[in-house]
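Structure file entry.txt (compact mmCIF, N, CA and C atoms) is printed below.
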# COMPACT_ATOMS: atom_id res chain seq x y z
N MET A 1 8.81 -73.75 53.99
CA MET A 1 10.02 -72.96 53.87
C MET A 1 10.02 -72.30 52.49
N ASN A 2 10.20 -70.98 52.45
CA ASN A 2 10.24 -70.29 51.16
C ASN A 2 11.68 -70.10 50.70
N LEU A 3 11.83 -69.58 49.48
CA LEU A 3 13.15 -69.43 48.87
C LEU A 3 14.06 -68.56 49.72
N ASN A 4 13.55 -67.47 50.29
CA ASN A 4 14.39 -66.58 51.09
C ASN A 4 14.99 -67.28 52.30
N ASP A 5 14.31 -68.28 52.84
CA ASP A 5 14.84 -69.03 53.97
C ASP A 5 16.04 -69.90 53.57
N ARG A 6 16.10 -70.27 52.29
CA ARG A 6 17.17 -71.16 51.81
C ARG A 6 18.36 -70.40 51.24
N LEU A 7 18.22 -69.10 51.02
CA LEU A 7 19.29 -68.34 50.38
C LEU A 7 20.43 -68.05 51.35
N VAL A 8 21.64 -68.23 50.85
CA VAL A 8 22.84 -67.86 51.59
C VAL A 8 23.56 -66.82 50.73
N THR A 9 23.84 -65.67 51.30
CA THR A 9 24.58 -64.64 50.59
C THR A 9 26.06 -64.93 50.78
N VAL A 10 26.76 -65.05 49.66
CA VAL A 10 28.19 -65.40 49.66
C VAL A 10 28.97 -64.23 49.09
N THR A 11 30.01 -63.83 49.79
CA THR A 11 30.88 -62.74 49.34
C THR A 11 32.32 -63.24 49.35
N LEU A 12 33.02 -63.06 48.24
CA LEU A 12 34.42 -63.45 48.12
C LEU A 12 35.24 -62.19 47.91
N SER A 13 36.37 -62.11 48.59
CA SER A 13 37.22 -60.94 48.44
C SER A 13 38.67 -61.33 48.54
N ASP A 14 39.51 -60.38 48.16
CA ASP A 14 40.96 -60.55 48.29
C ASP A 14 41.44 -61.81 47.58
N CYS A 15 40.97 -62.00 46.34
CA CYS A 15 41.39 -63.17 45.57
C CYS A 15 41.42 -62.84 44.09
N THR A 16 42.01 -63.73 43.33
CA THR A 16 42.05 -63.54 41.88
C THR A 16 40.69 -63.87 41.27
N GLU A 17 40.50 -63.41 40.06
CA GLU A 17 39.27 -63.73 39.34
C GLU A 17 39.15 -65.24 39.14
N HIS A 18 40.26 -65.90 38.82
CA HIS A 18 40.24 -67.35 38.64
C HIS A 18 39.74 -68.05 39.91
N ASP A 19 40.27 -67.64 41.06
CA ASP A 19 39.87 -68.26 42.32
C ASP A 19 38.39 -68.01 42.62
N ALA A 20 37.93 -66.80 42.35
CA ALA A 20 36.50 -66.49 42.57
C ALA A 20 35.63 -67.39 41.70
N ARG A 21 36.03 -67.57 40.46
CA ARG A 21 35.26 -68.44 39.57
C ARG A 21 35.29 -69.89 40.02
N CYS A 22 36.44 -70.35 40.52
CA CYS A 22 36.54 -71.72 41.05
C CYS A 22 35.54 -71.94 42.18
N VAL A 23 35.52 -71.01 43.12
CA VAL A 23 34.63 -71.15 44.28
C VAL A 23 33.17 -71.06 43.86
N LEU A 24 32.82 -70.07 43.05
CA LEU A 24 31.42 -69.91 42.64
C LEU A 24 30.94 -71.09 41.80
N THR A 25 31.81 -71.63 40.97
CA THR A 25 31.43 -72.80 40.18
C THR A 25 31.18 -73.99 41.10
N GLN A 26 32.03 -74.17 42.10
CA GLN A 26 31.83 -75.27 43.06
C GLN A 26 30.51 -75.13 43.79
N LEU A 27 30.08 -73.90 44.01
CA LEU A 27 28.80 -73.66 44.70
C LEU A 27 27.61 -73.74 43.76
N GLY A 28 27.86 -74.02 42.49
CA GLY A 28 26.77 -74.22 41.54
C GLY A 28 26.21 -72.95 40.95
N VAL A 29 26.96 -71.85 41.01
CA VAL A 29 26.49 -70.60 40.42
C VAL A 29 26.51 -70.76 38.91
N ALA A 30 25.36 -70.64 38.30
CA ALA A 30 25.24 -70.80 36.86
C ALA A 30 26.11 -69.77 36.15
N ASP A 31 26.85 -70.20 35.17
CA ASP A 31 27.67 -69.36 34.32
C ASP A 31 28.81 -68.65 35.04
N ALA A 32 29.23 -69.14 36.20
CA ALA A 32 30.36 -68.51 36.89
C ALA A 32 31.61 -68.57 36.03
N ASP A 33 31.72 -69.61 35.20
CA ASP A 33 32.90 -69.74 34.36
C ASP A 33 32.82 -68.91 33.08
N ARG A 34 31.66 -68.25 32.86
CA ARG A 34 31.51 -67.41 31.66
C ARG A 34 31.13 -65.98 32.01
N ALA A 35 31.31 -65.59 33.26
CA ALA A 35 30.96 -64.22 33.67
C ALA A 35 31.84 -63.23 32.92
N PRO A 36 31.30 -62.05 32.62
CA PRO A 36 32.10 -61.07 31.88
C PRO A 36 33.30 -60.61 32.70
N VAL A 37 34.37 -60.32 31.99
CA VAL A 37 35.59 -59.84 32.61
C VAL A 37 35.80 -58.40 32.13
N HIS A 38 36.06 -57.52 33.07
CA HIS A 38 36.29 -56.12 32.72
C HIS A 38 37.73 -55.77 33.06
N ALA A 39 38.50 -55.44 32.04
CA ALA A 39 39.90 -55.09 32.27
C ALA A 39 39.99 -53.65 32.74
N ALA A 40 40.82 -53.41 33.73
CA ALA A 40 41.03 -52.06 34.23
C ALA A 40 41.98 -51.32 33.30
N PRO A 41 41.76 -50.02 33.11
CA PRO A 41 42.72 -49.25 32.29
C PRO A 41 44.12 -49.33 32.89
N ALA A 42 45.13 -49.22 32.04
CA ALA A 42 46.52 -49.40 32.46
C ALA A 42 46.94 -48.45 33.57
N ARG A 43 46.42 -47.24 33.60
CA ARG A 43 46.84 -46.25 34.60
C ARG A 43 45.82 -46.09 35.72
N SER A 44 45.01 -47.07 35.94
CA SER A 44 44.01 -46.94 37.00
C SER A 44 44.60 -47.27 38.36
N VAL A 45 43.96 -46.79 39.40
CA VAL A 45 44.33 -47.11 40.76
C VAL A 45 43.78 -48.50 41.07
N ARG A 46 44.59 -49.35 41.69
CA ARG A 46 44.13 -50.70 42.04
C ARG A 46 43.07 -50.58 43.12
N ARG A 47 41.93 -51.14 42.84
CA ARG A 47 40.82 -51.11 43.79
C ARG A 47 40.43 -52.54 44.12
N PRO A 48 39.96 -52.75 45.34
CA PRO A 48 39.55 -54.10 45.72
C PRO A 48 38.37 -54.57 44.88
N THR A 49 38.34 -55.85 44.61
CA THR A 49 37.23 -56.46 43.87
C THR A 49 36.54 -57.44 44.80
N VAL A 50 35.21 -57.42 44.75
CA VAL A 50 34.41 -58.33 45.56
C VAL A 50 33.43 -59.03 44.65
N TRP A 51 33.32 -60.34 44.80
CA TRP A 51 32.34 -61.12 44.08
C TRP A 51 31.26 -61.53 45.07
N THR A 52 30.01 -61.42 44.66
CA THR A 52 28.93 -61.78 45.57
C THR A 52 27.84 -62.52 44.80
N SER A 53 27.18 -63.41 45.49
CA SER A 53 26.09 -64.18 44.89
C SER A 53 25.17 -64.67 45.99
N GLU A 54 23.92 -64.92 45.62
CA GLU A 54 23.00 -65.57 46.54
C GLU A 54 22.84 -67.00 46.08
N ILE A 55 23.10 -67.93 46.98
CA ILE A 55 23.08 -69.35 46.68
C ILE A 55 21.83 -69.97 47.27
N ASP A 56 21.08 -70.72 46.45
CA ASP A 56 19.95 -71.49 46.96
C ASP A 56 20.53 -72.77 47.53
N ALA A 57 20.59 -72.86 48.84
CA ALA A 57 21.26 -73.98 49.50
C ALA A 57 20.57 -75.32 49.28
N ASP A 58 19.33 -75.32 48.85
CA ASP A 58 18.62 -76.57 48.60
C ASP A 58 18.58 -76.94 47.12
N SER A 59 19.33 -76.22 46.28
CA SER A 59 19.29 -76.49 44.85
C SER A 59 20.12 -77.72 44.50
N GLY A 60 19.90 -78.23 43.32
CA GLY A 60 20.68 -79.36 42.83
C GLY A 60 20.02 -80.68 43.16
N PRO A 61 20.37 -81.71 42.40
CA PRO A 61 19.74 -83.01 42.58
C PRO A 61 20.03 -83.67 43.93
N THR A 62 21.13 -83.28 44.58
CA THR A 62 21.44 -83.90 45.86
C THR A 62 20.92 -83.09 47.03
N GLY A 63 20.26 -81.96 46.75
CA GLY A 63 19.74 -81.11 47.81
C GLY A 63 20.82 -80.30 48.50
N ALA A 64 21.95 -80.12 47.82
CA ALA A 64 23.02 -79.32 48.40
C ALA A 64 23.69 -78.52 47.29
N PRO A 65 24.23 -77.34 47.62
CA PRO A 65 24.93 -76.59 46.59
C PRO A 65 26.14 -77.37 46.12
N GLY A 66 26.59 -77.07 44.92
CA GLY A 66 27.77 -77.73 44.39
C GLY A 66 27.45 -79.02 43.67
N ALA A 67 26.15 -79.34 43.50
CA ALA A 67 25.79 -80.54 42.77
C ALA A 67 26.28 -80.44 41.33
N ARG A 68 26.41 -79.23 40.84
CA ARG A 68 26.94 -78.98 39.52
C ARG A 68 28.35 -78.43 39.71
N SER A 69 29.31 -79.01 39.06
CA SER A 69 30.65 -78.42 39.10
C SER A 69 31.09 -78.16 37.68
N GLY A 70 31.89 -77.16 37.49
CA GLY A 70 32.26 -76.75 36.14
C GLY A 70 33.75 -76.76 35.92
N SER A 71 34.15 -76.12 34.83
CA SER A 71 35.53 -76.18 34.39
C SER A 71 36.48 -75.38 35.28
N PHE A 72 35.96 -74.53 36.14
CA PHE A 72 36.84 -73.71 36.96
C PHE A 72 37.13 -74.31 38.32
N THR A 73 36.58 -75.48 38.63
CA THR A 73 36.95 -76.09 39.90
C THR A 73 38.37 -76.60 39.78
N GLY A 74 39.08 -76.58 40.83
CA GLY A 74 40.46 -77.03 40.79
C GLY A 74 41.30 -76.26 41.77
N PRO A 75 42.61 -76.33 41.61
CA PRO A 75 43.49 -75.68 42.57
C PRO A 75 43.29 -74.16 42.57
N LEU A 76 43.38 -73.60 43.75
CA LEU A 76 43.29 -72.16 43.89
C LEU A 76 44.68 -71.56 43.75
N ASP A 77 44.75 -70.33 43.24
CA ASP A 77 46.03 -69.62 43.13
C ASP A 77 46.53 -69.18 44.50
N GLY A 78 45.60 -68.92 45.41
CA GLY A 78 45.97 -68.45 46.75
C GLY A 78 44.79 -68.63 47.68
N ALA A 79 44.87 -68.03 48.83
CA ALA A 79 43.77 -68.12 49.80
C ALA A 79 42.60 -67.23 49.36
N VAL A 80 41.39 -67.67 49.68
CA VAL A 80 40.18 -66.92 49.36
C VAL A 80 39.39 -66.74 50.65
N GLU A 81 38.98 -65.51 50.92
CA GLU A 81 38.12 -65.25 52.07
C GLU A 81 36.67 -65.27 51.59
N VAL A 82 35.86 -66.08 52.28
CA VAL A 82 34.45 -66.22 51.93
C VAL A 82 33.62 -65.86 53.15
N THR A 83 32.69 -64.95 52.95
CA THR A 83 31.71 -64.63 53.99
C THR A 83 30.39 -65.23 53.56
N ALA A 84 29.75 -65.99 54.43
CA ALA A 84 28.46 -66.62 54.14
C ALA A 84 27.45 -66.16 55.19
N GLN A 85 26.32 -65.67 54.73
CA GLN A 85 25.29 -65.17 55.64
C GLN A 85 23.96 -65.83 55.29
N GLY A 86 23.34 -66.46 56.28
CA GLY A 86 22.05 -67.12 56.09
C GLY A 86 21.70 -67.93 57.32
N SER A 87 20.75 -68.85 57.15
CA SER A 87 20.37 -69.68 58.29
C SER A 87 21.54 -70.59 58.66
N PRO A 88 21.71 -70.90 59.93
CA PRO A 88 22.84 -71.76 60.33
C PRO A 88 22.88 -73.09 59.58
N HIS A 89 21.72 -73.71 59.37
CA HIS A 89 21.66 -74.99 58.66
C HIS A 89 22.18 -74.84 57.23
N HIS A 90 21.74 -73.81 56.53
CA HIS A 90 22.13 -73.65 55.13
C HIS A 90 23.57 -73.17 54.98
N VAL A 91 24.07 -72.38 55.91
CA VAL A 91 25.48 -72.00 55.88
C VAL A 91 26.35 -73.23 56.13
N ALA A 92 25.92 -74.12 57.00
CA ALA A 92 26.66 -75.37 57.25
C ALA A 92 26.66 -76.24 55.99
N MET A 93 25.55 -76.29 55.27
CA MET A 93 25.50 -77.04 54.01
C MET A 93 26.49 -76.46 53.01
N LEU A 94 26.55 -75.14 52.93
CA LEU A 94 27.45 -74.47 52.02
C LEU A 94 28.91 -74.78 52.39
N ARG A 95 29.22 -74.75 53.69
CA ARG A 95 30.57 -75.07 54.15
C ARG A 95 30.96 -76.49 53.77
N THR A 96 30.04 -77.43 53.92
CA THR A 96 30.29 -78.82 53.55
C THR A 96 30.60 -78.94 52.06
N THR A 97 29.87 -78.20 51.24
CA THR A 97 30.12 -78.21 49.80
C THR A 97 31.51 -77.66 49.49
N LEU A 98 31.88 -76.58 50.14
CA LEU A 98 33.22 -76.02 49.92
C LEU A 98 34.31 -76.99 50.35
N ALA A 99 34.07 -77.72 51.44
CA ALA A 99 35.07 -78.66 51.96
C ALA A 99 35.30 -79.85 51.03
N ARG A 100 34.39 -80.10 50.10
CA ARG A 100 34.60 -81.17 49.12
C ARG A 100 35.72 -80.85 48.15
N ALA A 101 35.98 -79.54 47.94
CA ALA A 101 36.96 -79.15 46.93
C ALA A 101 38.15 -78.39 47.50
N PHE A 102 37.99 -77.79 48.69
CA PHE A 102 39.02 -76.93 49.24
C PHE A 102 39.24 -77.25 50.72
N THR A 103 40.38 -76.80 51.24
CA THR A 103 40.59 -76.82 52.68
C THR A 103 39.88 -75.60 53.25
N VAL A 104 39.01 -75.80 54.22
CA VAL A 104 38.21 -74.72 54.79
C VAL A 104 38.62 -74.49 56.23
N GLU A 105 39.02 -73.26 56.54
CA GLU A 105 39.35 -72.88 57.91
C GLU A 105 38.28 -71.91 58.39
N ASP A 106 37.72 -72.16 59.57
CA ASP A 106 36.74 -71.25 60.15
C ASP A 106 37.49 -70.09 60.77
N GLU A 107 37.20 -68.88 60.30
CA GLU A 107 37.88 -67.69 60.78
C GLU A 107 37.06 -66.91 61.79
N GLY A 108 35.78 -67.25 61.94
CA GLY A 108 34.93 -66.56 62.91
C GLY A 108 33.48 -66.58 62.46
N SER A 109 32.60 -66.30 63.41
CA SER A 109 31.18 -66.26 63.09
C SER A 109 30.44 -65.39 64.10
N VAL A 110 29.31 -64.89 63.65
CA VAL A 110 28.41 -64.11 64.50
C VAL A 110 27.03 -64.69 64.27
N SER A 111 26.35 -65.03 65.36
CA SER A 111 25.02 -65.62 65.24
C SER A 111 23.97 -64.65 65.73
N GLY A 112 22.86 -64.64 65.02
CA GLY A 112 21.71 -63.85 65.41
C GLY A 112 20.59 -64.78 65.81
N ASP A 113 19.38 -64.26 65.82
CA ASP A 113 18.22 -65.04 66.21
C ASP A 113 17.98 -66.22 65.26
N GLN A 114 17.96 -65.94 63.95
CA GLN A 114 17.69 -67.00 62.98
C GLN A 114 18.68 -66.98 61.83
N GLU A 115 19.82 -66.32 62.01
CA GLU A 115 20.77 -66.17 60.94
C GLU A 115 22.18 -66.15 61.51
N CYS A 116 23.14 -66.57 60.70
CA CYS A 116 24.53 -66.47 61.12
C CYS A 116 25.36 -65.88 59.99
N ASP A 117 26.47 -65.31 60.36
CA ASP A 117 27.40 -64.69 59.44
C ASP A 117 28.75 -65.33 59.72
N CYS A 118 29.28 -66.12 58.77
CA CYS A 118 30.51 -66.87 59.00
C CYS A 118 31.59 -66.45 58.00
N LEU A 119 32.82 -66.44 58.47
CA LEU A 119 33.96 -66.15 57.63
C LEU A 119 34.81 -67.41 57.51
N PHE A 120 35.05 -67.82 56.26
CA PHE A 120 35.87 -69.00 55.98
C PHE A 120 37.09 -68.56 55.18
N ARG A 121 38.18 -69.27 55.36
CA ARG A 121 39.37 -69.07 54.54
C ARG A 121 39.58 -70.36 53.77
N LEU A 122 39.58 -70.25 52.43
CA LEU A 122 39.74 -71.43 51.59
C LEU A 122 41.16 -71.46 51.02
N THR A 123 41.73 -72.65 50.99
CA THR A 123 43.01 -72.87 50.33
C THR A 123 42.91 -74.17 49.54
N ALA A 124 43.88 -74.40 48.68
CA ALA A 124 43.90 -75.63 47.90
C ALA A 124 44.05 -76.82 48.83
N VAL A 125 43.48 -77.95 48.42
CA VAL A 125 43.55 -79.17 49.23
C VAL A 125 44.95 -79.69 49.26

Let me see whether you can do it: turn the structure in this file into structure tokens.
Amino acid sequence: MNLNDRLVTVTLSDCTEHDARCVLTQLGVADADRAPVHAAPARSVRRPTVWTSEIDADSGPTGAPGARSGSFTGPLDGAVEVTAQGSPHHVAMLRTTLARAFTVEDEGSVSGDQECDCLFRLTAV
């Protein structure tokens, strides 16, 4: 199995920066708690923000994402929509990791030949 087989693409949307950092830190994304912040100009039009990362589902000492947790794990400000795309086994591992810190609701999924695309809704436990 090569690295591409283990990667799960994670996309977070419709959430605060704090919540995005909480989720990414729980998934073991290095430096999620120190990512640069760009302030929008005062008169700008509000535009949607999306956070995305590729997670190595077999990383960490326990063989699962989230083996490393950081300072941003904790209560969420609101609901977070997470889309996870990858092999069914590795997306399930990612869901299990998220369920350790958050309430996870399955919002839907689409399966292909060797890949699935799942939508989860995360809320505080």

If we count only N, CA and C atoms and set the cut-off at 5 Å, which residues sit around stretch 87-100 of chain A, ignoring sequence neighbours fewer than 4 positions away in its own chain? Please answer as a tab-separated table (two decimals) with N, CA and C atoms, keeping the file's coordinate frame.
chain	number	residue	atom	x	y	z
A	114	GLN	N	17.96	-65.94	63.95
A	114	GLN	CA	17.69	-67.00	62.98
A	114	GLN	C	18.68	-66.98	61.83
A	115	GLU	N	19.82	-66.32	62.01
A	115	GLU	CA	20.77	-66.17	60.94
A	115	GLU	C	22.18	-66.15	61.51
A	116	CYS	N	23.14	-66.57	60.70
A	116	CYS	CA	24.53	-66.47	61.12
A	116	CYS	C	25.36	-65.88	59.99

Determine, counting only C-alpha atoms, which protein, DNA and RNA residues have an atom within 7 Å of an atom of stretch 3-19 of chain A; residues of the same chain fewer than 3 positions away are not included. Present the result as JSON, numbers by chain. {"A": [22, 23, 49, 50, 51, 52, 53, 54, 55, 56, 57, 58, 76, 77, 79, 80, 81, 82, 83, 84, 85, 86, 90, 91]}

In terms of the shortest atom-to-atom distance over only C-alpha atoms, which of A:Arg21, A:Thr123, A:Asp117, A:Gly28 is closest to A:Thr103?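 Ranking A:Arg21, A:Thr123, A:Asp117, A:Gly28 by distance to A:Thr103, first place goes to A:Thr123.
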
Which residue, A:Ala124, A:Asp106, A:Gln26, A:Ala20, has the smallest gap to A:Pro75 when you use all atoms listed in the file?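 Looking at the shortest contact to A:Pro75, the residue is A:Ala124.
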